[in-house]
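Participant: TSV, C-alpha atoms and all ligand atoms, file start_30.tsv:
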```
chain	number	residue	atom	x	y	z
A	1	MET	CA	106.36	33.50	-48.82
A	2	SER	CA	104.51	34.54	-51.98
A	3	GLU	CA	100.73	34.33	-51.99
A	4	PRO	CA	99.41	30.74	-52.22
A	5	ILE	CA	98.06	29.47	-55.54
A	6	VAL	CA	94.79	27.64	-54.92
A	7	LEU	CA	92.62	25.60	-57.28
A	8	GLY	CA	88.92	25.71	-56.29
A	9	ILE	CA	86.36	23.12	-57.39
A	10	GLU	CA	82.58	23.57	-57.13
A	11	SER	CA	79.82	20.97	-57.74
A	12	THR	CA	77.08	21.59	-55.15
A	13	CYS	CA	74.17	21.90	-57.60
A	14	ASP	CA	73.99	22.35	-61.37
A	15	GLU	CA	77.31	24.12	-62.03
A	16	THR	CA	80.59	22.23	-62.47
A	17	ALA	CA	83.19	24.92	-61.90
A	18	ALA	CA	86.89	25.38	-61.27
A	19	ALA	CA	89.09	28.42	-60.80
A	20	VAL	CA	92.61	29.36	-59.81
A	21	VAL	CA	93.38	32.26	-57.49
A	22	GLN	CA	96.62	33.64	-56.18
A	23	GLY	CA	96.04	35.75	-53.08
A	24	GLY	CA	93.30	38.18	-54.06
A	25	THR	CA	93.83	37.74	-57.81
A	26	LEU	CA	91.64	35.58	-60.01
A	27	LEU	CA	93.78	33.77	-62.61
A	28	SER	CA	91.04	31.68	-64.26
A	29	ASN	CA	87.36	30.90	-63.78
A	30	VAL	CA	85.57	28.15	-65.74
A	31	VAL	CA	81.89	27.22	-65.32
A	32	ALA	CA	79.91	24.49	-67.12
A	33	SER	CA	76.22	24.50	-66.27
A	34	SER	CA	73.67	21.70	-66.71
A	35	MET	CA	70.82	24.19	-66.16
A	36	ASP	CA	69.40	23.76	-69.68
A	37	GLU	CA	68.99	20.03	-69.09
A	38	HIS	CA	66.80	20.72	-66.03
A	39	ALA	CA	64.64	23.45	-67.55
A	40	ARG	CA	61.98	21.13	-68.96
A	41	TYR	CA	61.49	19.47	-65.53
A	42	GLY	CA	60.88	22.79	-63.77
A	43	GLY	CA	63.73	22.27	-61.28
A	44	VAL	CA	67.14	20.67	-60.79
A	45	ILE	CA	67.06	16.87	-61.12
A	46	PRO	CA	69.87	15.59	-58.84
A	47	GLU	CA	70.57	12.49	-60.95
A	48	ILE	CA	71.01	14.56	-64.13
A	49	ALA	CA	73.17	17.11	-62.32
A	50	SER	CA	75.43	14.39	-60.86
A	51	ARG	CA	75.95	12.79	-64.27
A	52	ALA	CA	76.82	16.18	-65.75
A	53	HIS	CA	79.41	16.74	-63.00
A	54	ALA	CA	81.00	13.35	-63.73
A	55	GLN	CA	81.21	14.31	-67.40
A	56	GLN	CA	82.43	17.89	-66.89
A	57	PHE	CA	84.81	17.51	-63.94
A	58	ALA	CA	88.01	16.70	-65.87
A	59	PRO	CA	87.47	19.14	-68.78
A	60	VAL	CA	86.57	22.02	-66.47
A	61	VAL	CA	89.52	21.50	-64.12
A	62	THR	CA	91.89	21.06	-67.08
A	63	LYS	CA	90.67	24.30	-68.65
A	64	ALA	CA	90.92	26.25	-65.38
A	65	LEU	CA	94.58	25.21	-65.01
A	66	ALA	CA	95.32	25.88	-68.70
A	67	ASP	CA	93.68	29.34	-68.58
A	68	ALA	CA	95.93	30.17	-65.61
A	69	ASN	CA	98.96	28.89	-67.59
A	70	MET	CA	99.63	26.22	-65.01
A	71	ASP	CA	99.55	22.54	-64.39
A	72	ILE	CA	98.60	20.88	-61.16
A	73	SER	CA	102.19	20.84	-59.89
A	74	ASP	CA	102.15	24.69	-59.74
A	75	VAL	CA	99.24	24.72	-57.31
A	76	ASP	CA	99.89	25.03	-53.55
A	77	ALA	CA	96.51	23.68	-52.43
A	78	ILE	CA	93.15	22.45	-53.70
A	79	ALA	CA	89.78	23.42	-52.20
A	80	VAL	CA	86.43	21.77	-52.93
A	81	SER	CA	82.86	22.45	-51.77
A	82	ALA	CA	82.00	19.69	-49.28
A	83	GLY	CA	78.49	21.06	-48.53
A	84	PRO	CA	75.76	22.15	-48.32
A	85	GLY	CA	74.31	20.91	-51.60
A	86	LEU	CA	72.94	17.89	-53.43
A	87	ALA	CA	74.61	14.73	-52.08
A	88	GLY	CA	75.29	13.06	-55.43
A	89	CYS	CA	76.69	16.27	-56.89
A	90	LEU	CA	78.95	16.90	-53.89
A	91	ALA	CA	80.19	13.30	-54.03
A	92	VAL	CA	81.40	13.73	-57.61
A	93	GLY	CA	83.30	16.96	-56.87
A	94	VAL	CA	84.80	15.76	-53.59
A	95	SER	CA	85.85	12.37	-55.03
A	96	GLY	CA	87.42	14.06	-58.05
A	97	ALA	CA	89.24	16.59	-55.86
A	98	LYS	CA	90.51	13.83	-53.56
A	99	ALA	CA	91.87	11.88	-56.52
A	100	LEU	CA	93.54	15.00	-57.88
A	101	ALA	CA	95.05	15.99	-54.52
A	102	TRP	CA	96.23	12.48	-53.79
A	103	GLY	CA	97.77	12.00	-57.23
A	104	ALA	CA	99.59	15.36	-57.14
A	105	ASN	CA	100.39	15.20	-53.41
A	106	LYS	CA	98.66	18.52	-52.64
A	107	PRO	CA	96.82	19.58	-49.46
A	108	LEU	CA	93.03	19.48	-49.86
A	109	TYR	CA	90.45	21.65	-48.07
A	110	GLY	CA	86.76	20.66	-47.95
A	111	ILE	CA	85.01	24.02	-47.62
A	112	ASN	CA	81.54	25.36	-46.84
A	113	HIS	CA	79.94	26.60	-50.06
A	114	VAL	CA	77.90	29.35	-48.35
A	115	ILE	CA	81.03	30.85	-46.75
A	116	GLY	CA	82.61	30.71	-50.21
A	117	HIS	CA	79.91	33.17	-51.37
A	118	ILE	CA	81.23	35.58	-48.71
A	119	ALA	CA	84.93	35.00	-49.44
A	120	VAL	CA	84.59	35.62	-53.19
A	121	THR	CA	83.77	39.31	-52.69
A	122	GLN	CA	87.44	39.88	-51.79
A	123	LEU	CA	88.32	39.30	-55.46
A	124	GLN	CA	86.38	42.42	-56.39
A	125	PHE	CA	86.52	44.63	-53.30
A	126	GLY	CA	89.73	43.51	-51.57
A	127	PRO	CA	89.99	42.27	-47.98
A	128	PHE	CA	86.97	43.05	-45.84
A	129	PRO	CA	86.98	44.48	-42.33
A	130	ASP	CA	87.41	42.00	-39.47
A	131	ASP	CA	83.85	42.45	-38.39
A	132	THR	CA	81.18	42.45	-41.06
A	133	LEU	CA	77.72	41.17	-41.87
A	134	ALA	CA	76.93	39.03	-44.91
A	135	LEU	CA	73.63	38.38	-46.68
A	136	ILE	CA	73.74	35.22	-48.81
A	137	VAL	CA	70.69	34.70	-51.01
A	138	SER	CA	70.27	31.96	-53.59
A	139	GLY	CA	67.91	29.24	-54.80
A	140	GLY	CA	68.68	27.15	-51.73
A	141	HIS	CA	69.82	29.60	-49.04
A	142	THR	CA	68.83	32.86	-47.42
A	143	SER	CA	71.21	33.60	-44.57
A	144	LEU	CA	72.45	36.54	-42.56
A	145	LEU	CA	75.92	35.84	-41.18
A	146	HIS	CA	78.28	37.61	-38.82
A	147	VAL	CA	81.81	37.33	-40.21
A	148	GLN	CA	84.52	37.94	-37.63
A	149	ASP	CA	87.17	35.97	-39.51
A	150	VAL	CA	86.17	34.30	-42.77
A	151	ALA	CA	88.63	31.44	-42.21
A	152	ARG	CA	87.65	30.60	-38.66
A	153	ASN	CA	84.69	32.44	-37.27
A	154	VAL	CA	81.42	32.89	-39.15
A	155	GLN	CA	78.21	32.80	-37.09
A	156	VAL	CA	74.65	32.45	-38.32
A	157	VAL	CA	72.56	35.47	-37.36
A	158	GLY	CA	69.43	34.50	-39.25
A	159	THR	CA	68.16	32.15	-41.91
A	160	THR	CA	64.96	31.29	-43.73
A	161	LEU	CA	62.45	29.26	-41.76
A	162	ASP	CA	60.93	27.86	-44.96
A	163	ASP	CA	61.58	28.81	-48.61
A	164	ALA	CA	64.73	30.61	-49.77
A	165	ALA	CA	64.16	33.88	-51.67
A	166	GLY	CA	65.19	32.32	-55.01
A	167	GLU	CA	62.97	29.31	-54.40
A	168	CYS	CA	60.01	31.61	-53.71
A	169	PHE	CA	60.62	33.47	-57.00
A	170	ASP	CA	61.07	30.21	-58.93
A	171	LYS	CA	57.78	28.82	-57.59
A	172	VAL	CA	55.77	31.96	-58.43
A	173	ALA	CA	57.47	32.06	-61.84
A	174	ARG	CA	56.32	28.52	-62.52
A	175	LEU	CA	52.75	29.51	-61.69
A	176	LEU	CA	53.05	32.39	-64.16
A	177	GLY	CA	54.30	30.00	-66.84
A	178	PHE	CA	57.97	31.03	-66.96
A	179	PRO	CA	60.66	28.38	-67.52
A	180	TYR	CA	63.06	27.29	-64.76
A	181	PRO	CA	64.83	29.11	-63.20
A	182	GLY	CA	62.16	31.78	-63.18
A	183	GLY	CA	63.89	34.36	-60.96
A	184	PRO	CA	65.40	36.34	-63.85
A	185	TYR	CA	61.97	36.46	-65.62
A	186	ILE	CA	60.32	37.90	-62.51
A	187	ASP	CA	63.14	40.46	-62.32
A	188	ARG	CA	62.63	41.57	-65.94
A	189	HIS	CA	58.83	41.80	-65.72
A	190	ALA	CA	59.03	43.55	-62.35
A	191	GLN	CA	60.93	46.40	-64.00
A	192	GLN	CA	57.78	47.32	-65.95
A	193	GLY	CA	55.23	46.78	-63.19
A	194	ASP	CA	53.71	48.68	-60.27
A	195	PRO	CA	55.23	47.41	-56.99
A	196	HIS	CA	52.15	48.55	-55.06
A	197	ALA	CA	49.53	46.94	-57.30
A	198	LEU	CA	49.10	43.92	-54.99
A	199	ARG	CA	49.24	43.79	-51.21
A	200	VAL	CA	51.97	41.20	-50.76
A	201	PRO	CA	52.80	40.41	-47.10
A	202	MET	CA	56.25	41.33	-45.76
A	203	GLY	CA	57.27	37.91	-44.44
A	204	LEU	CA	58.16	37.77	-40.72
A	205	THR	CA	58.30	41.52	-40.11
A	206	GLN	CA	55.32	41.96	-37.79
A	207	GLY	CA	53.81	40.32	-34.73
A	208	ARG	CA	55.11	37.91	-32.13
A	209	ALA	CA	56.85	35.60	-34.60
A	210	ALA	CA	58.81	38.53	-36.03
A	211	LYS	CA	59.89	39.59	-32.53
A	212	ALA	CA	61.08	36.06	-31.82
A	213	HIS	CA	62.91	35.88	-35.16
A	214	PRO	CA	64.18	39.40	-35.90
A	215	TYR	CA	66.81	38.24	-38.41
A	216	ASP	CA	65.12	35.14	-39.80
A	217	PHE	CA	63.13	35.08	-43.01
A	218	SER	CA	59.94	33.43	-44.19
A	219	PHE	CA	58.97	33.55	-47.86
A	220	SER	CA	56.52	30.68	-48.03
A	221	GLY	CA	53.54	32.87	-46.98
A	222	VAL	CA	54.58	35.49	-49.55
A	223	LYS	CA	54.56	32.86	-52.28
A	224	THR	CA	51.17	31.50	-51.13
A	225	ALA	CA	49.60	34.97	-51.00
A	226	VAL	CA	50.68	35.72	-54.57
A	227	ALA	CA	49.59	32.26	-55.76
A	228	ARG	CA	46.11	32.67	-54.18
A	229	TRP	CA	45.65	36.10	-55.76
A	230	VAL	CA	46.60	34.76	-59.19
A	231	GLU	CA	44.42	31.66	-58.85
A	232	GLN	CA	41.39	33.71	-57.75
A	233	ARG	CA	41.70	35.95	-60.78
A	234	GLN	CA	42.12	32.94	-63.04
A	235	ALA	CA	38.98	31.37	-61.53
A	236	GLN	CA	37.06	34.59	-62.23
A	237	GLY	CA	38.33	34.64	-65.82
A	238	LEU	CA	40.18	37.92	-65.20
A	239	PRO	CA	43.51	38.72	-66.92
A	240	ILE	CA	46.69	38.45	-64.84
A	241	PRO	CA	48.72	41.69	-64.76
A	242	VAL	CA	52.00	39.76	-64.87
A	243	ASP	CA	54.29	42.81	-64.60
A	244	ASP	CA	52.43	44.08	-61.53
A	245	VAL	CA	52.47	40.65	-59.86
A	246	CYS	CA	56.22	40.40	-60.42
A	247	ALA	CA	56.88	43.97	-59.25
A	248	SER	CA	54.81	43.54	-56.06
A	249	LEU	CA	56.50	40.23	-55.20
A	250	ALA	CA	59.98	41.59	-55.92
A	251	ASP	CA	59.36	44.72	-53.87
A	252	SER	CA	58.18	42.73	-50.84
A	253	VAL	CA	61.10	40.25	-50.90
A	254	ALA	CA	63.76	42.90	-51.58
A	255	THR	CA	62.40	45.21	-48.86
A	256	VAL	CA	62.38	42.47	-46.21
A	257	LEU	CA	65.91	41.34	-47.09
A	258	ALA	CA	67.30	44.89	-47.10
A	259	ARG	CA	65.47	45.96	-43.95
A	260	LYS	CA	66.58	42.97	-41.87
A	261	ALA	CA	70.15	43.17	-43.18
A	262	MET	CA	70.40	46.85	-42.19
A	263	GLN	CA	68.88	46.18	-38.77
A	264	ALA	CA	71.47	43.43	-38.21
A	265	CYS	CA	74.29	45.78	-39.31
A	266	LYS	CA	73.11	48.30	-36.72
A	267	VAL	CA	72.89	45.78	-33.89
A	268	PHE	CA	76.25	44.14	-34.75
A	269	ASP	CA	77.79	47.57	-35.32
A	270	SER	CA	78.93	46.62	-38.81
A	271	LYS	CA	79.59	49.29	-41.41
A	272	THR	CA	79.98	46.72	-44.22
A	273	LEU	CA	77.46	44.34	-45.74
A	274	ILE	CA	78.75	41.58	-48.04
A	275	VAL	CA	76.12	40.24	-50.46
A	276	GLY	CA	76.33	37.00	-52.43
A	277	GLY	CA	74.49	34.03	-53.95
A	278	GLY	CA	72.64	33.76	-57.28
A	279	PHE	CA	69.64	35.78	-56.12
A	280	SER	CA	71.84	38.82	-55.54
A	281	ALA	CA	71.71	39.24	-59.32
A	282	ASN	CA	68.18	40.53	-58.71
A	283	SER	CA	67.91	44.18	-59.72
A	284	GLN	CA	65.20	45.08	-57.19
A	285	LEU	CA	67.35	43.69	-54.35
A	286	ARG	CA	70.46	45.47	-55.62
A	287	ALA	CA	68.60	48.78	-55.82
A	288	LYS	CA	66.98	48.38	-52.41
A	289	LEU	CA	70.26	47.41	-50.70
A	290	THR	CA	72.09	50.31	-52.32
A	291	GLU	CA	69.36	52.75	-51.25
A	292	TYR	CA	69.21	51.44	-47.66
A	293	GLY	CA	73.03	51.26	-47.46
A	294	GLN	CA	73.31	54.95	-48.34
A	295	LYS	CA	70.60	55.85	-45.86
A	296	HIS	CA	72.19	53.86	-42.99
A	297	GLY	CA	75.86	54.56	-43.79
A	298	VAL	CA	76.62	50.92	-44.64
A	299	ASP	CA	79.10	50.03	-47.40
A	300	VAL	CA	77.14	47.42	-49.40
A	301	ARG	CA	79.43	45.15	-51.45
A	302	ILE	CA	77.54	43.25	-54.15
A	303	PRO	CA	79.96	41.61	-56.59
A	304	ARG	CA	79.49	41.36	-60.36
A	305	ILE	CA	77.02	38.68	-61.43
A	306	GLN	CA	79.64	36.04	-62.45
A	307	LEU	CA	80.93	36.06	-58.88
A	308	CYS	CA	77.42	35.95	-57.35
A	309	THR	CA	76.31	32.71	-58.99
A	310	ASP	CA	77.99	29.38	-58.19
A	311	ASN	CA	81.60	29.33	-59.39
A	312	GLY	CA	85.03	27.92	-58.58
A	313	ALA	CA	86.49	31.32	-57.63
A	314	MET	CA	84.47	31.38	-54.39
A	315	VAL	CA	85.89	28.00	-53.39
A	316	ALA	CA	89.45	28.89	-54.38
A	317	MET	CA	89.26	32.23	-52.52
A	318	LEU	CA	88.04	30.64	-49.30
A	319	GLY	CA	90.72	27.95	-49.72
A	320	SER	CA	93.29	30.73	-50.05
A	321	ASN	CA	91.99	32.35	-46.83
A	322	LEU	CA	92.32	29.01	-45.01
A	323	VAL	CA	95.88	28.43	-46.26
A	324	SER	CA	96.90	31.99	-45.30
A	325	ALA	CA	95.33	31.62	-41.84
A	326	GLY	CA	97.39	28.45	-41.24
A	327	VAL	CA	94.32	26.22	-41.02
A	328	LYS	CA	95.19	22.53	-41.39
A	329	PRO	CA	93.97	20.75	-44.55
A	330	SER	CA	91.00	18.40	-44.21
A	331	SER	CA	91.82	14.83	-43.21
A	332	PRO	CA	91.85	12.37	-46.13
A	333	ASP	CA	88.63	10.70	-44.95
A	334	PHE	CA	86.51	13.91	-44.83
A	335	GLY	CA	83.05	13.37	-46.24
A	336	ILE	CA	80.36	15.42	-47.90
A	337	ASP	CA	77.66	17.09	-45.80
A	338	SER	CA	74.63	17.99	-47.88
A	339	ALA	CA	73.07	19.84	-44.91
A	340	MET	CA	76.27	21.53	-43.72
A	341	PRO	CA	75.26	24.34	-41.35
A	401	LIG	O1	73.26	30.68	-56.11
A	401	LIG	P1	72.54	30.16	-57.30
A	401	LIG	O2	73.19	30.38	-58.63
A	401	LIG	O3	72.31	28.61	-57.17
A	401	LIG	C1	71.42	27.91	-56.37
A	401	LIG	O4	71.21	28.22	-55.20
A	401	LIG	O5	70.89	26.94	-56.95
A	401	LIG	O6	71.07	30.83	-57.29
A	401	LIG	C2	70.08	30.51	-58.23
A	401	LIG	C3	68.81	31.23	-57.83
A	401	LIG	C4	67.58	30.75	-58.59
A	401	LIG	O7	66.52	30.61	-57.66
A	401	LIG	C5	67.32	31.87	-59.58
A	401	LIG	O8	65.97	31.98	-59.95
A	401	LIG	C6	67.77	33.06	-58.77
A	401	LIG	O9	68.93	32.63	-58.08
A	401	LIG	N1	68.09	34.21	-59.63
A	401	LIG	C7	67.38	35.35	-59.64
A	401	LIG	C8	67.98	36.22	-60.58
A	401	LIG	N2	69.06	35.56	-61.12
A	401	LIG	C9	69.10	34.34	-60.51
A	401	LIG	N3	66.30	35.69	-58.92
A	401	LIG	C10	65.81	36.92	-59.13
A	401	LIG	N4	66.32	37.80	-60.01
A	401	LIG	C11	67.39	37.50	-60.74
A	401	LIG	N5	67.90	38.39	-61.61
```
Before anything else, please render the file you have as structure tokens.
Ligand code: KG4

Facilitator:
Amino acid sequence: MSEPIVLGIESTCDETAAAVVQGGTLLSNVVASSMDEHARYGGVIPEIASRAHAQQFAPVVTKALADANMDISDVDAIAVSAGPGLAGCLAVGVSGAKALAWGANKPLYGINHVIGHIAVTQLQFGPFPDDTLALIVSGGHTSLLHVQDVARNVQVVGTTLDDAAGECFDKVARLLGFPYPGGPYIDRHAQQGDPHALRVPMGLTQGRAAKAHPYDFSFSGVKTAVARWVEQRQAQGLPIPVDDVCASLADSVATVLARKAMQACKVFDSKTLIVGGGFSANSQLRAKLTEYGQKHGVDVRIPRIQLCTDNGAMVAMLGSNLVSAGVKPSSPDFGIDSAMP
């Protein structure tokens, strides 16, 4: 049998996206973002995002099929993110995908968005080894995962106990007056700053809590420490060295992520680290992971930015893995799960 053609649909947050893959080949990839509509509120407004999905669903799916020179009858299966994410947003994507699958009589897979971030790396790097570690970092997630079989067996090794890395950056960025999402602004300013200018704590790397949670993360204290430092200087009427603040924050977060990921690779005897999620666009993290990977003999696979941020290709690729592994489609009454583990 030739490789399955899968349409993937994504609507967990502020991106309405659809893509078509055949095996490990990406045939189309369309993303419509409502990010600009949220910028003036300083964060994603679920109601606005849901309305945008309802508006964009049909045009985005239509374009993804057209760009792949196909119509829905050419597709072997449809996959849609069923969680985790914003409930209203997920409901639009899942309802739309159900209607499409039902109307065209196609099997439908409700997939886990976070595992999609792992699966998508196959489009750039090819199949990954049976046993690998994955670091997924975004605005909503920071997770270390042990991937034995992407279709059937992915275990959580560690996760954030409070803020995700992207969330921590976005909150500090807001304090510094940058628009939402502030992560990319911190990245740019950090490139001109001194990473050792401020003593920023390395979240959950020392003491009893760190021993109890060797692969978990905590970025809330990091954010608070930077916020206090900035507020104290503001109260004293002193100027804020923005580049240095950004560089010190970025260095702390990137070091913790890279250090814990490498430690997990060693313990799980994995020679490959898959990296994904919007925050993996961060240049300090990319540099740190590359440096640590070379030092520890780990092949670090960070895909190009379009595949790191939310997209339909990640959903389609995981759908393709499920079809190829002979996993049964979801039952017609499957629901959304905004807190999907
Ligand atoms: O995976 P993603 O596109 O979607 C959500 O989880 O919502 O990740 C978005 C997150 C935001 O927090 C954003 O500030 C962060 O990724 N981000 C970055 C960079 N690009 C995006 N953070 C730091 N440096 C970047 N270059």

Participant: Between A:Ala235, A:Ala287, A:Ala212, A:Val147, single out the one closest to ligand LIG 401 (chain A), counting all atoms listed in the file.

Facilitator: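 Under the stated criterion, the closest residue is A:Ala287.
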
Participant: Do you know which residues are at most 10 Å from Leu145 in chain A counting all atoms listed in the file, after dropping those on the same chain fewer than 6 positions away, and could you put them as a PyMOL selection string?

Facilitator: chain A and resi 114-115+118+132-136+154-159+215+261+264+273-274

Participant: Which residues are near range 288-301 of chain A? Cut-off 7 Å, all atoms listed in the file, ignore same chain within fewer than 6 positions. Put them as a PyMOL selection string.

Facilitator: chain A and resi 254-255+258+271-275

Participant: Output as a Markdown table one row per residue of chain A within 6 Å of ligand LIG 401 (chain A): the closest atom pair and its distance in Å to one decimal place, counting only C-alpha atoms and all ligand atoms, sorted by chain and residue number ascending.

Facilitator:
```
| residue | atom | partner | partner_atom | distance |
| --- | --- | --- | --- | --- |
| A:Ser138 | CA | A:LIG401 | O6 | 4.0 |
| A:Gly139 | CA | A:LIG401 | O7 | 3.5 |
| A:Gly140 | CA | A:LIG401 | O4 | 4.4 |
| A:Gly166 | CA | A:LIG401 | O7 | 3.4 |
| A:Glu167 | CA | A:LIG401 | O7 | 5.0 |
| A:Asp170 | CA | A:LIG401 | O8 | 5.3 |
| A:Pro181 | CA | A:LIG401 | O8 | 4.5 |
| A:Gly182 | CA | A:LIG401 | O8 | 5.0 |
| A:Gly183 | CA | A:LIG401 | O8 | 3.3 |
| A:Pro184 | CA | A:LIG401 | C11 | 3.9 |
| A:Asp187 | CA | A:LIG401 | N4 | 4.7 |
| A:Gly277 | CA | A:LIG401 | O1 | 4.2 |
| A:Gly278 | CA | A:LIG401 | O6 | 3.3 |
| A:Phe279 | CA | A:LIG401 | O9 | 3.8 |
| A:Ala281 | CA | A:LIG401 | N5 | 4.5 |
| A:Asn282 | CA | A:LIG401 | N4 | 3.6 |
| A:Thr309 | CA | A:LIG401 | O2 | 3.9 |
| A:Asp310 | CA | A:LIG401 | O2 | 4.9 |
```

Participant: Between CA of Gly43 in chain A and CA of Leu144 in chain A, what distance in Å does the model show, to one decimal?

Facilitator: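 Here the two named atoms are 25.1 Å from each other.
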
Participant: So which residues touch Gln55 in chain A within 12 Å, counting only C-alpha atoms, skipping near sequence neighbours fewer than 4 positions away, as a list of chain:residue names?

Facilitator: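 So the residues in contact are A:Ser11, A:Glu15, A:Thr16, A:Ala32, A:Ser33, A:Ser34, A:Ile48, A:Ala49, A:Ser50, A:Arg51, A:Pro59, A:Val60, A:Val61, A:Cys89, A:Val92, A:Gly93, A:Gly96.
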
Participant: Using the incomplete input, complete range 78-90 of chain A to the level of N, CA, C and O atoms; output as a PDB file, in the frame of the given file.

Facilitator:
```pdb
ATOM      1  N   ILE A  78      94.422  22.625 -52.984  1.00  0.00           N
ATOM      2  CA  ILE A  78      93.150  22.450 -53.700  1.00  0.00           C
ATOM      3  C   ILE A  78      92.032  22.616 -52.671  1.00  0.00           C
ATOM      4  O   ILE A  78      92.164  22.162 -51.532  1.00  0.00           O
ATOM      5  N   ALA A  79      90.955  23.294 -53.073  1.00  0.00           N
ATOM      6  CA  ALA A  79      89.780  23.420 -52.200  1.00  0.00           C
ATOM      7  C   ALA A  79      88.573  22.916 -52.979  1.00  0.00           C
ATOM      8  O   ALA A  79      88.509  23.070 -54.205  1.00  0.00           O
ATOM      9  N   VAL A  80      87.642  22.297 -52.263  1.00  0.00           N
ATOM     10  CA  VAL A  80      86.430  21.770 -52.930  1.00  0.00           C
ATOM     11  C   VAL A  80      85.246  22.009 -52.002  1.00  0.00           C
ATOM     12  O   VAL A  80      85.372  21.918 -50.780  1.00  0.00           O
ATOM     13  N   SER A  81      84.077  22.305 -52.587  1.00  0.00           N
ATOM     14  CA  SER A  81      82.860  22.450 -51.770  1.00  0.00           C
ATOM     15  C   SER A  81      82.471  21.088 -51.235  1.00  0.00           C
ATOM     16  O   SER A  81      82.219  20.160 -52.015  1.00  0.00           O
ATOM     17  N   ALA A  82      82.387  20.971 -49.889  1.00  0.00           N
ATOM     18  CA  ALA A  82      82.000  19.690 -49.280  1.00  0.00           C
ATOM     19  C   ALA A  82      80.541  19.743 -48.810  1.00  0.00           C
ATOM     20  O   ALA A  82      79.996  18.764 -48.331  1.00  0.00           O
ATOM     21  N   GLY A  83      79.883  20.907 -48.910  1.00  0.00           N
ATOM     22  CA  GLY A  83      78.490  21.060 -48.530  1.00  0.00           C
ATOM     23  C   GLY A  83      78.207  22.533 -48.293  1.00  0.00           C
ATOM     24  O   GLY A  83      79.139  23.335 -48.323  1.00  0.00           O
ATOM     25  N   PRO A  84      76.966  22.940 -48.103  1.00  0.00           N
ATOM     26  CA  PRO A  84      75.760  22.150 -48.320  1.00  0.00           C
ATOM     27  C   PRO A  84      75.459  22.052 -49.813  1.00  0.00           C
ATOM     28  O   PRO A  84      75.968  22.860 -50.603  1.00  0.00           O
ATOM     29  N   GLY A  85      74.641  21.076 -50.184  1.00  0.00           N
ATOM     30  CA  GLY A  85      74.310  20.910 -51.600  1.00  0.00           C
ATOM     31  C   GLY A  85      73.676  19.545 -51.826  1.00  0.00           C
ATOM     32  O   GLY A  85      73.326  18.836 -50.865  1.00  0.00           O
ATOM     33  N   LEU A  86      73.542  19.184 -53.078  1.00  0.00           N
ATOM     34  CA  LEU A  86      72.940  17.890 -53.430  1.00  0.00           C
ATOM     35  C   LEU A  86      73.991  16.797 -53.234  1.00  0.00           C
ATOM     36  O   LEU A  86      75.108  16.913 -53.758  1.00  0.00           O
ATOM     37  N   ALA A  87      73.621  15.747 -52.496  1.00  0.00           N
ATOM     38  CA  ALA A  87      74.610  14.730 -52.080  1.00  0.00           C
ATOM     39  C   ALA A  87      75.362  14.126 -53.271  1.00  0.00           C
ATOM     40  O   ALA A  87      76.598  14.058 -53.262  1.00  0.00           O
ATOM     41  N   GLY A  88      74.627  13.704 -54.282  1.00  0.00           N
ATOM     42  CA  GLY A  88      75.290  13.060 -55.430  1.00  0.00           C
ATOM     43  C   GLY A  88      76.249  14.008 -56.127  1.00  0.00           C
ATOM     44  O   GLY A  88      77.341  13.607 -56.562  1.00  0.00           O
ATOM     45  N   CYS A  89      75.858  15.258 -56.219  1.00  0.00           N
ATOM     46  CA  CYS A  89      76.690  16.270 -56.890  1.00  0.00           C
ATOM     47  C   CYS A  89      77.962  16.520 -56.077  1.00  0.00           C
ATOM     48  O   CYS A  89      79.072  16.571 -56.629  1.00  0.00           O
ATOM     49  N   LEU A  90      77.792  16.678 -54.763  1.00  0.00           N
ATOM     50  CA  LEU A  90      78.950  16.900 -53.890  1.00  0.00           C
ATOM     51  C   LEU A  90      79.912  15.717 -53.979  1.00  0.00           C
ATOM     52  O   LEU A  90      81.136  15.891 -54.005  1.00  0.00           O
TER      53      LEU A  90
END
```
